[in-house]
$ cat data.txt   # compact mmCIF, C-alpha atoms
# COMPACT_ATOMS: atom_id res chain seq x y z
CA MET A 6 0.00 0.00 0.00
CA ARG A 7 1.25 3.47 -0.83
CA ILE A 8 0.64 5.96 1.96
CA LEU A 9 0.91 9.70 1.41
CA VAL A 10 1.77 11.51 4.63
CA SER A 11 1.56 15.27 4.56
CA THR A 12 2.28 17.95 7.08
CA PHE A 13 -0.66 20.33 7.37
CA THR A 14 -1.72 23.72 8.55
CA PRO A 15 -4.95 25.41 7.37
CA GLN A 16 -3.11 28.10 5.40
CA ASP A 17 -1.38 25.42 3.35
CA VAL A 18 -4.41 23.33 2.38
CA GLU A 19 -3.75 23.97 -1.32
CA LEU A 20 -0.24 22.51 -0.98
CA VAL A 21 -1.69 19.34 0.52
CA ILE A 22 -4.23 19.10 -2.29
CA ARG A 23 -1.45 19.58 -4.83
CA SER A 24 0.46 16.70 -3.31
CA MET A 25 -2.68 14.56 -3.46
CA ARG A 26 -2.95 15.38 -7.16
CA SER A 27 0.74 14.86 -7.94
CA ILE A 28 1.34 11.62 -6.09
CA GLY A 29 -0.62 8.46 -6.60
CA TYR A 30 -1.58 7.02 -3.23
CA ASP A 31 -3.87 4.55 -1.52
CA ARG A 32 -4.18 6.21 1.84
CA LEU A 33 -3.73 9.74 3.13
CA VAL A 34 -2.37 10.64 6.55
CA VAL A 35 -2.21 14.24 7.72
CA LEU A 36 0.23 15.41 10.41
CA CYS A 37 -1.02 18.48 12.21
CA ARG A 38 -1.36 20.28 15.53
CA PRO A 39 -4.52 19.39 17.49
CA ASP A 40 -6.06 22.84 16.98
CA ASP A 41 -5.64 22.65 13.22
CA SER A 42 -7.64 19.44 12.94
CA LEU A 43 -10.80 21.40 13.76
CA ASP A 44 -10.28 23.84 10.92
CA PRO A 45 -12.67 23.84 7.91
CA ALA A 46 -9.62 23.51 5.65
CA LEU A 47 -9.08 19.97 6.89
CA GLU A 48 -12.77 19.27 6.41
CA ARG A 49 -12.25 20.16 2.76
CA ILE A 50 -9.61 17.45 2.44
CA ARG A 51 -11.85 14.99 4.26
CA ARG A 52 -14.64 15.66 1.75
CA LEU A 53 -12.30 15.13 -1.18
CA GLU A 54 -11.21 11.81 0.20
CA ASP A 55 -14.78 10.90 1.00
CA MET A 56 -15.70 11.40 -2.67
CA SER A 57 -13.25 8.64 -3.54
CA GLY A 58 -14.65 6.42 -0.82
CA HIS A 59 -11.77 6.85 1.58
CA GLU A 60 -11.14 8.37 4.96
CA ILE A 61 -8.14 10.39 5.97
CA THR A 62 -6.13 9.62 9.06
CA VAL A 63 -5.27 12.66 11.14
CA GLN A 64 -2.21 12.26 13.35
CA HIS A 65 -1.90 14.98 15.98
CA ILE A 66 1.56 16.23 16.78
CA TYR A 67 1.66 17.61 20.31
CA SER A 68 5.30 18.48 20.97
CA SER A 69 6.58 22.01 20.73
CA GLY A 70 10.31 21.26 20.87
CA PHE A 71 12.11 20.43 17.62
CA MET A 72 13.58 17.03 18.52
CA GLU A 73 10.46 16.01 20.42
CA THR A 74 8.45 16.76 17.29
CA VAL A 75 10.92 14.68 15.26
CA ASP A 76 10.41 11.77 17.65
CA GLU A 77 6.63 11.98 17.39
CA ILE A 78 6.71 12.09 13.62
CA CYS A 79 9.13 9.16 13.54
CA GLN A 80 6.72 7.11 15.61
CA THR A 81 3.98 7.76 13.09
CA LEU A 82 6.15 7.13 10.03
CA GLY A 83 7.67 4.00 11.51
CA ALA A 84 4.26 2.58 12.36
CA LEU A 85 3.00 3.32 8.85
CA GLN A 86 6.04 1.77 7.19
CA LYS A 87 5.34 -1.49 8.88
CA GLU A 88 1.82 -2.12 10.06
CA ARG A 89 2.26 -4.51 13.00
CA ARG A 90 -1.29 -5.74 12.87
CA THR A 91 -1.00 -7.14 9.36
CA GLY A 92 2.79 -7.40 9.24
CA THR A 93 2.79 -5.74 5.84
CA SER A 94 5.35 -3.23 4.67
CA ASN A 95 3.93 -0.09 3.14
CA GLU A 96 5.51 2.48 0.87
CA VAL A 97 5.39 5.82 2.64
CA ILE A 98 5.85 9.10 0.83
CA LEU A 99 6.13 12.22 2.93
CA ASN A 100 5.21 15.70 1.73
CA ILE A 101 6.78 18.48 3.80
CA SER A 102 5.64 21.56 1.89
CA ALA A 103 2.64 22.23 4.15
CA GLY A 104 2.51 22.85 7.88
CA GLU A 105 4.25 25.34 10.10
CA LYS A 106 8.01 25.69 9.71
CA LEU A 107 8.96 23.65 12.79
CA LEU A 108 6.61 20.84 11.78
CA ALA A 109 7.91 20.77 8.20
CA ASN A 110 11.56 20.83 9.24
CA ALA A 111 11.03 18.22 11.94
CA ALA A 112 9.33 16.03 9.34
CA LEU A 113 12.34 16.45 7.04
CA PHE A 114 14.70 15.47 9.85
CA ALA A 115 12.51 12.45 10.63
CA ALA A 116 12.56 11.44 6.95
CA PHE A 117 16.36 11.34 6.96
CA ARG A 118 16.36 9.44 10.23
CA LEU A 119 14.15 6.69 8.84
CA GLY A 120 15.02 6.85 5.14
CA VAL A 121 11.52 7.83 4.00
CA ARG A 122 10.96 9.02 0.46
CA THR A 123 10.09 12.71 0.71
CA VAL A 124 8.78 15.41 -1.57
CA HIS A 125 8.30 19.13 -1.41
CA CYS A 126 5.13 19.88 -3.34
CA ASP A 127 4.57 23.53 -4.18
CA GLU A 128 4.34 24.99 -7.68
CA LYS A 129 6.54 22.07 -8.69
CA LEU A 130 6.91 18.65 -7.19
CA VAL A 131 10.46 18.31 -5.94
CA LYS A 132 11.62 14.87 -4.91
CA LEU A 133 14.13 15.28 -2.13
CA PRO A 134 17.44 13.42 -2.14
CA ILE A 135 16.53 11.03 0.62
CA LEU A 136 17.22 7.48 -0.40
CA ALA A 137 14.41 5.18 0.65
CA GLY A 138 15.63 2.85 3.34
CA ALA A 139 19.01 4.54 3.80
CA THR A 140 19.73 5.95 7.24
CA ALA A 141 22.62 7.48 9.13
CA VAL A 142 23.36 4.16 10.76
CA ASP A 143 24.20 2.54 7.40
CA ARG A 144 27.75 3.92 7.40
CA PHE A 145 28.63 2.05 10.59
CA THR A 146 29.49 -1.59 10.99
CA PRO A 147 27.30 -3.81 13.21
CA LEU A 148 30.15 -3.89 15.73
CA GLU A 149 30.33 -0.10 15.81
CA VAL A 150 26.57 0.08 16.39
CA ARG A 151 26.90 -2.47 19.22
CA ALA A 152 29.70 -0.38 20.67
CA MET A 153 27.49 2.72 20.60
CA ARG A 154 24.79 0.84 22.49
CA ALA A 155 27.34 -0.48 24.95
CA MET A 156 28.77 2.94 25.81
CA LEU A 157 25.44 4.75 26.17
CA GLY A 158 25.39 6.35 29.58
CA GLY A 159 29.14 6.09 29.94
CA ALA A 160 31.59 3.21 30.01
CA THR A 161 35.29 2.72 30.62
CA LEU A 162 37.24 1.12 27.83
CA ASP A 163 37.59 -2.06 29.89
CA GLU A 164 33.83 -2.20 30.40
CA LEU A 165 33.34 -1.66 26.69
CA GLN A 166 35.71 -4.49 25.86
CA GLN A 167 33.81 -6.79 28.21
CA ARG A 168 30.40 -5.79 26.95
CA LEU A 169 31.43 -6.34 23.35
CA GLY A 170 33.09 -9.64 24.16
CA LEU A 171 36.33 -8.63 22.49
CA SER A 172 39.55 -10.36 23.40
CA GLY A 173 41.89 -7.58 22.35
CA ARG A 174 41.96 -4.02 23.69
CA GLN A 175 43.20 -2.76 20.33
CA SER A 176 39.83 -3.38 18.69
CA VAL A 177 38.07 -1.28 21.31
CA ASP A 178 40.59 1.52 20.95
CA ARG A 179 40.16 1.50 17.19
CA ILE A 180 36.37 1.57 17.36
CA VAL A 181 36.34 4.42 19.88
CA ARG A 182 38.88 6.33 17.81
CA GLU A 183 36.80 5.98 14.62
CA LEU A 184 33.59 6.97 16.35
CA LYS A 185 35.31 9.94 17.97
CA LYS A 186 36.49 11.10 14.57
CA THR A 187 32.91 11.26 13.31
CA GLY A 188 31.83 13.14 16.41
CA LEU A 189 29.68 10.36 17.84
CA VAL A 190 31.71 9.70 20.96
CA MET A 191 33.11 11.99 23.61
CA VAL A 192 35.57 11.34 26.37
CA ILE A 193 33.93 12.25 29.66
CA SER A 194 36.83 11.40 31.89
CA GLN A 195 40.44 11.79 30.81
CA GLY A 196 41.84 10.33 34.01
CA MET A 197 42.33 6.64 34.59
CA PRO A 198 40.25 4.87 33.67
CA VAL A 199 39.23 6.72 30.51
CA THR A 200 35.46 6.88 30.25
CA VAL A 201 33.55 7.48 27.05
CA ASP A 202 29.94 8.21 26.23
CA LEU A 203 27.90 9.02 23.17
CA SER A 204 27.62 12.64 22.08
CA GLU A 205 24.23 14.09 21.11
CA VAL A 206 24.93 13.14 17.52
CA GLY A 207 25.88 9.64 18.63
CA ARG A 208 22.62 9.29 20.52
CA GLU A 209 20.76 10.46 17.44
CA VAL A 210 22.48 7.80 15.29
CA LEU A 211 21.64 5.14 17.87
CA ARG A 212 18.04 6.31 17.89
CA SER A 213 18.02 5.99 14.11
CA ALA A 214 19.41 2.47 14.44
CA GLU A 215 16.71 1.49 16.91
CA LEU A 216 13.94 2.95 14.80
CA SER A 217 15.30 1.26 11.69
CA SER A 218 15.36 -2.14 13.31
CA LYS A 219 11.83 -1.60 14.61
CA GLY A 220 10.64 -0.46 11.24
CA MET B 29 38.04 32.44 9.01
CA VAL B 30 34.90 31.42 10.94
CA VAL B 31 31.67 31.78 9.03
CA VAL B 32 28.07 31.62 10.22
CA PHE B 33 25.30 30.91 7.76
CA GLY B 34 21.66 31.74 8.29
CA THR B 35 18.20 32.26 6.88
CA LEU B 36 16.32 35.47 7.63
CA GLY B 37 12.66 36.40 7.53
CA PHE B 38 11.01 39.26 9.36
CA ARG B 39 12.81 38.91 12.69
CA PRO B 40 16.47 39.78 13.14
CA LYS B 41 16.20 38.22 16.61
CA SER B 42 15.91 34.79 15.00
CA LEU B 43 19.43 35.15 13.56
CA ILE B 44 21.48 37.62 15.60
CA PRO B 45 21.62 35.44 18.77
CA THR B 46 23.68 32.91 16.82
CA LEU B 47 26.28 35.59 16.08
CA ARG B 48 26.44 36.33 19.79
CA SER B 49 26.76 32.72 20.86
CA THR B 50 29.38 31.72 18.27
CA PRO B 51 32.92 32.72 19.17
CA GLU B 52 35.28 34.49 16.78
CA VAL B 53 32.80 35.02 13.97
CA ASP B 54 34.44 36.69 10.97
CA LYS B 55 31.63 36.52 8.45
CA LEU B 56 27.90 36.02 8.18
CA VAL B 57 26.21 34.73 5.05
CA PHE B 58 22.45 34.93 5.15
CA TYR B 59 19.59 34.24 2.76
CA CYS B 60 16.45 36.33 2.58
CA GLY B 61 13.64 37.12 0.22
CA ALA B 62 9.96 37.95 0.04
CA ASP B 63 7.04 37.43 -2.26
CA PRO B 64 7.24 40.51 -4.53
CA SER B 65 3.43 40.60 -4.73
CA ASP B 66 3.27 41.12 -0.97
CA PRO B 67 4.53 44.66 -0.27
CA GLU B 68 4.21 44.22 3.48
CA ALA B 69 6.46 41.16 3.42
CA VAL B 70 8.90 42.95 1.13
CA ARG B 71 9.09 45.86 3.56
CA LYS B 72 9.53 43.67 6.64
CA VAL B 73 12.26 41.56 5.07
CA ALA B 74 14.08 44.68 3.88
CA GLU B 75 13.98 46.10 7.41
CA ALA B 76 15.19 42.87 8.94
CA ARG B 77 17.97 42.63 6.37
CA GLN B 78 19.11 46.14 7.10
CA ALA B 79 19.07 45.48 10.86
CA VAL B 80 21.26 42.42 10.49
CA VAL B 81 23.69 44.19 8.18
CA GLN B 82 23.93 47.10 10.63
CA TYR B 83 24.55 44.70 13.52
CA CYS B 84 27.34 43.03 11.58
CA ASN B 85 28.89 46.37 10.63
CA SER B 86 28.85 47.47 14.26
CA MET B 87 30.45 44.21 15.35
CA ARG B 88 33.00 44.33 12.51
CA ILE B 89 31.66 41.08 11.08
CA ALA B 90 31.85 40.80 7.31
CA VAL B 91 28.40 40.16 5.91
CA GLN B 92 27.04 38.73 2.67
CA ALA B 93 23.30 39.12 2.24
CA VAL B 94 21.99 36.78 -0.46
CA ASP B 95 18.73 38.11 -1.86
CA LEU B 96 16.81 35.12 -3.12
CA GLU B 97 15.01 35.78 -6.38
CA ASP B 98 12.32 33.28 -5.42
CA PRO B 99 12.26 32.45 -1.70
CA PHE B 100 9.74 29.67 -2.43
CA ASP B 101 11.83 27.78 -4.98
CA PHE B 102 12.92 24.90 -2.78
CA LYS B 103 15.29 23.23 -5.20
CA GLY B 104 16.80 26.50 -6.44
CA ILE B 105 17.50 27.62 -2.89
CA ALA B 106 19.00 24.26 -1.94
CA LEU B 107 21.34 24.35 -4.92
CA ARG B 108 22.40 27.91 -4.16
CA VAL B 109 23.02 27.23 -0.49
CA ARG B 110 24.97 24.08 -1.25
CA SER B 111 27.07 25.92 -3.83
CA ASP B 112 27.90 28.69 -1.33
CA ILE B 113 28.78 26.22 1.42
CA ARG B 114 31.05 24.25 -0.86
CA LYS B 115 32.76 27.38 -2.06
CA HIS B 116 33.47 28.43 1.50
CA LYS B 117 34.74 24.95 2.30
CA ARG B 118 37.02 24.96 -0.72
CA ASP B 119 38.36 28.35 0.35
CA GLY B 120 39.31 26.84 3.67
CA ARG B 121 36.68 28.64 5.74
CA GLN B 122 35.33 27.00 8.85
CA ILE B 123 31.53 26.97 8.80
CA ALA B 124 30.70 27.18 12.49
CA VAL B 125 26.95 26.83 12.27
CA PHE B 126 23.89 27.33 10.09
CA ASN B 127 20.86 28.98 11.68
CA ILE B 128 17.78 27.77 9.81
CA ALA B 129 15.13 29.50 11.90
CA GLY B 130 14.27 32.46 9.69
CA GLY B 131 12.99 32.97 6.18
CA THR B 132 10.18 31.33 4.30
CA LYS B 133 9.43 27.70 4.99
CA PRO B 134 10.99 26.50 1.71
CA THR B 135 14.11 28.56 2.47
CA SER B 136 14.45 27.11 5.95
CA SER B 137 13.74 23.54 4.82
CA ALA B 138 16.10 23.80 1.87
CA ALA B 139 18.84 25.03 4.19
CA LEU B 140 18.20 22.14 6.59
CA LEU B 141 18.37 19.67 3.70
CA VAL B 142 21.75 21.02 2.64
CA CYS B 143 23.06 21.01 6.22
CA ILE B 144 22.21 17.33 6.52
CA LEU B 145 23.84 16.49 3.19
CA GLU B 146 26.94 18.59 3.91
CA GLY B 147 27.26 17.83 7.61
CA ILE B 148 26.98 21.44 8.79
CA PRO B 149 26.20 22.09 12.48
CA THR B 150 22.67 23.46 12.55
CA VAL B 151 20.67 25.48 15.03
CA TYR B 152 17.03 26.29 15.33
CA ILE B 153 15.71 29.20 17.37
CA HIS B 154 12.65 28.57 19.50
CA ASP B 155 9.86 30.90 18.37
CA VAL B 156 8.94 32.05 21.85
CA THR B 157 11.99 31.67 24.06
CA TYR B 158 14.61 32.46 21.35
CA GLU B 159 16.54 29.56 22.80
CA GLU B 160 19.09 28.06 20.42
CA VAL B 161 18.47 24.39 19.75
CA HIS B 162 21.45 22.57 18.29
CA LEU B 163 20.29 19.78 16.02
CA PRO B 164 22.17 16.48 16.36
CA LEU B 165 23.00 16.14 12.69
CA LEU B 166 25.27 13.57 11.22
CA ARG B 167 26.17 14.07 7.61
CA MET B 168 24.16 11.73 5.42
CA GLU B 169 26.76 9.99 3.29
CA TYR B 170 24.85 8.27 0.58
CA SER B 171 28.06 6.98 -0.91
CA GLN B 172 27.65 4.27 1.71
CA ALA B 173 24.09 3.54 0.63
CA LEU B 174 24.98 3.28 -3.05
CA SER B 175 27.21 0.62 -4.52
CA LYS B 176 30.16 1.54 -6.72
CA GLU B 177 28.22 0.44 -9.79
CA GLU B 178 25.16 2.48 -8.77
CA ARG B 179 27.29 5.58 -8.30
CA GLN B 180 28.88 4.96 -11.69
CA ILE B 181 25.49 4.72 -13.35
CA LEU B 182 24.23 7.89 -11.69
CA LYS B 183 27.33 9.79 -12.67
CA TYR B 184 26.99 8.71 -16.29
CA LEU B 185 23.31 9.64 -16.40
CA MET B 186 24.01 13.05 -14.84
CA GLN B 187 26.74 13.77 -17.34
CA ASN B 188 24.40 12.78 -20.18
CA ARG B 189 21.10 13.97 -18.81
CA MET B 190 20.05 15.69 -22.04
CA ALA B 191 20.27 12.40 -23.92
CA ASP B 192 17.58 9.72 -24.05
CA THR B 193 19.61 6.89 -22.57
CA THR B 194 18.09 3.45 -22.79
CA GLU B 195 19.11 0.57 -20.56
CA VAL B 196 20.89 -1.05 -23.50
CA ALA B 197 22.81 2.13 -24.34
CA LEU B 198 23.76 2.53 -20.69
CA ALA B 199 25.09 -1.01 -20.49
CA SER B 200 27.10 -0.47 -23.65
CA ALA B 201 28.51 2.86 -22.47
CA LEU B 202 29.63 1.36 -19.18
CA GLY B 203 30.92 -1.84 -20.72
CA LYS B 204 28.62 -4.01 -18.64
CA HIS B 205 26.13 -6.77 -19.31
CA LYS B 206 22.57 -5.55 -19.78
CA ALA B 207 21.20 -7.82 -17.07
CA THR B 208 23.74 -6.43 -14.59
CA VAL B 209 22.81 -2.85 -15.42
CA ASN B 210 19.11 -3.70 -15.17
CA HIS B 211 19.68 -5.07 -11.69
CA HIS B 212 21.39 -1.86 -10.57
CA ILE B 213 18.72 0.30 -12.17
CA ARG B 214 16.01 -1.57 -10.27
CA ASN B 215 17.92 -0.92 -7.04
CA LEU B 216 18.28 2.75 -7.91
CA MET B 217 14.58 2.96 -8.67
CA SER B 218 13.68 1.43 -5.33
CA LYS B 219 15.87 4.02 -3.64
CA GLY B 220 14.22 6.84 -5.59
CA ALA B 221 17.31 7.95 -7.48
CA VAL B 222 16.16 7.17 -11.04
CA ARG B 223 12.96 6.47 -12.95
CA LEU B 224 12.06 4.82 -16.24
CA GLU B 225 10.19 6.69 -18.95
CA ARG B 226 8.70 5.59 -22.20
CA HIS B 227 10.96 6.20 -25.21
CA PRO B 228 9.56 9.09 -27.28
CA THR B 229 9.61 7.15 -30.57
CA ASP B 230 9.90 3.48 -29.68
CA SER B 231 7.38 2.28 -27.11
CA ARG B 232 9.29 -0.98 -26.64
CA LYS B 233 12.18 0.87 -25.11
CA LYS B 234 12.53 2.65 -21.79
CA ILE B 235 14.63 5.70 -21.05
CA VAL B 236 16.50 5.86 -17.76
CA ARG B 237 16.28 9.28 -16.13
CA VAL B 238 17.84 10.59 -12.96
CA GLU B 239 15.42 12.15 -10.55
CA ASP B 240 15.95 15.90 -10.19
CA SER B 241 16.91 15.39 -6.59
CA THR B 242 19.83 13.23 -7.62
CA GLU B 243 21.69 16.38 -8.61
CA LEU B 244 21.65 17.39 -4.95
CA LEU B 245 22.58 13.89 -3.96
CA LEU B 246 25.44 13.29 -6.31
CA GLY B 247 27.77 15.81 -4.80
CA ASP B 248 28.21 13.29 -2.04
CA CYS B 249 29.07 10.60 -4.52
CA ASP B 250 31.73 12.49 -6.43

$ encode --input "data.txt" --output "structure tokens"
Amino acid sequence: MRILVSTFTPQDVELVIRSMRSIGYDRLVVLCRPDDSLDPALERIRRLEDMSGHEITVQHIYSSGFMETVDEICQTLGALQKERRTGTSNEVILNISAGEKLLANAALFAAFRLGVRTVHCDEKLVKLPILAGATAVDRFTPLEVRAMRAMLGGATLDELQQRLGLSGRQSVDRIVRELKKTGLVMVISQGMPVTVDLSEVGREVLRSAELSSKG
Amino acid sequence: MVVVFGTLGFRPKSLIPTLRSTPEVDKLVFYCGADPSDPEAVRKVAEARQAVVQYCNSMRIAVQAVDLEDPFDFKGIALRVRSDIRKHKRDGRQIAVFNIAGGTKPTSSAALLVCILEGIPTVYIHDVTYEEVHLPLLRMEYSQALSKEERQILKYLMQNRMADTTEVALASALGKHKATVNHHIRNLMSKGAVRLERHPTDSRKKIVRVEDSTELLLGDCD
């Protein structure tokens, strides 16, 4: 099933309708703030869908912070990508041209996090360079991802070695060095023993990994 | 040289705090624009632009105001921003941060897209509190998500995008077996990087086209 997910705010109803016209879809999901779902503009979209014998799904986004909004949107997108009830995988296409700026940008961030095909539908339909299924975690080896999980919350290098079940300390040093280079790991204690933890970016990559494996 | 990038709409306060919070700023590059059919928006953006330029002059920060011809042209803005960022990188400038809070929605979103593709530290200013929110961005390196053969195909198609390249012609140009190229094209289609179109004169054949967005993508794959 192809699901069109669009951000929405009443002022941008025409942009949502344009995306409905430009993209072939089986089901429409609208992401909006709770107040906006009462607006007559959304009713207009409901009526259009009703004419084709379908209902729209309205997903309220409650958070006001940027990353919290990203998390909420990810939950929705992830659930749509794989419907647990039926176990089917759906094709999700996200339109970010409508909606308030924070909502649209958070949706874009979420799309990169999960590797969701995304468009910006205004006068022209622009397909964004987000490769379906590709996420930030793809550039790391499974061992590096395990290491990120193992050091979350802080770990000494010895603890890391134990948790990863590695016989040699060199492997741990190499992994930490590589992850530090990409800005995912920070040293939180320089004294003995050295303690490392994930940076904010590292936590974001781990989050992406977790959502990918759930999705 | 430390450079800050930003987008600007009506409110200088959505951009100036980033100049304050970033140490040793030498230059600000910011993007602004308004719908020419909306005189009120034109006036407000002009005022905000002037305020930011004056702030920079007072603080002895070099400033480059980029007036966007169409602040709603998502792709055009993304290409311009990416070009400017790459130029600054090539010139050895350190891009400290990109503030994406201001400007039209397409301007802000286009800037965020480029920041993710280029790995630029990005901040967002909370509408009410003016608090700076640093986004935990990791550069999306699609070179990892594309195989060597897929990158080769995309590069060829980009270099020959005016031509009607069939799958057979592509295989021949790359010196590969048609079945192999077909396999890679199917993968690229599933990733959203290319599409197949009907040949204009021979309906039996299909033309392979890169998606417009691939132009933004391919910089990563160079």

$ interface_residues --input "data.txt" --of "chain A" --to "chain B" --cutoff "7 Å" --atoms "all atoms listed in the file" --output "list in words"
Lys106, Asn110, Val131, Lys132, Leu133, Pro134, Leu136, Ala137, Ala139, Ala141, Asp143, Arg144, Glu205, Val206 and Glu209 of chain A

$ residues_around --input "data.txt" --residues "A:Met6" --least-positions-apart "2" --cutoff "12 Å" --atoms "all atoms listed in the file" --output "list in words"
Ile8, Leu9, Gly29, Tyr30, Asp31, Arg32, Leu33, Leu85, Gln86, Lys87, Glu88, Thr91, Thr93, Ser94, Asn95, Glu96, Val97 and Ile98 of chain A

$ atom_distance --input "data.txt" --atom1 "atom CA of B:Cys143" --atom2 "atom CA of A:Phe71"
15.8 Å

$ residues_near_point --input "data.txt" --point "(20.4, 44.1, 4.7)" --cutoff "12 Å" --atoms "only C-alpha atoms" --output "PyMOL selection string"
chain B and resi 36-38+40+56-61+71-85+91-95

$ axis_aligned_box --input "data.txt" --around "stretch 81-95 of chain B" --padding-each-side "5 Å" --output "lines of an AutoDock Vina configuration file"
center_x = 25.9
center_y = 42.1
center_z = 6.7
size_x = 24.3
size_y = 20.7
size_z = 27.2

$ residues_around --input "data.txt" --residues "stretch 151-167 of chain A" --least-positions-apart "6" --cutoff "12 Å" --atoms "all atoms listed in the file" --output "number ranges by chain"
A: 142, 145, 173-185, 189-215
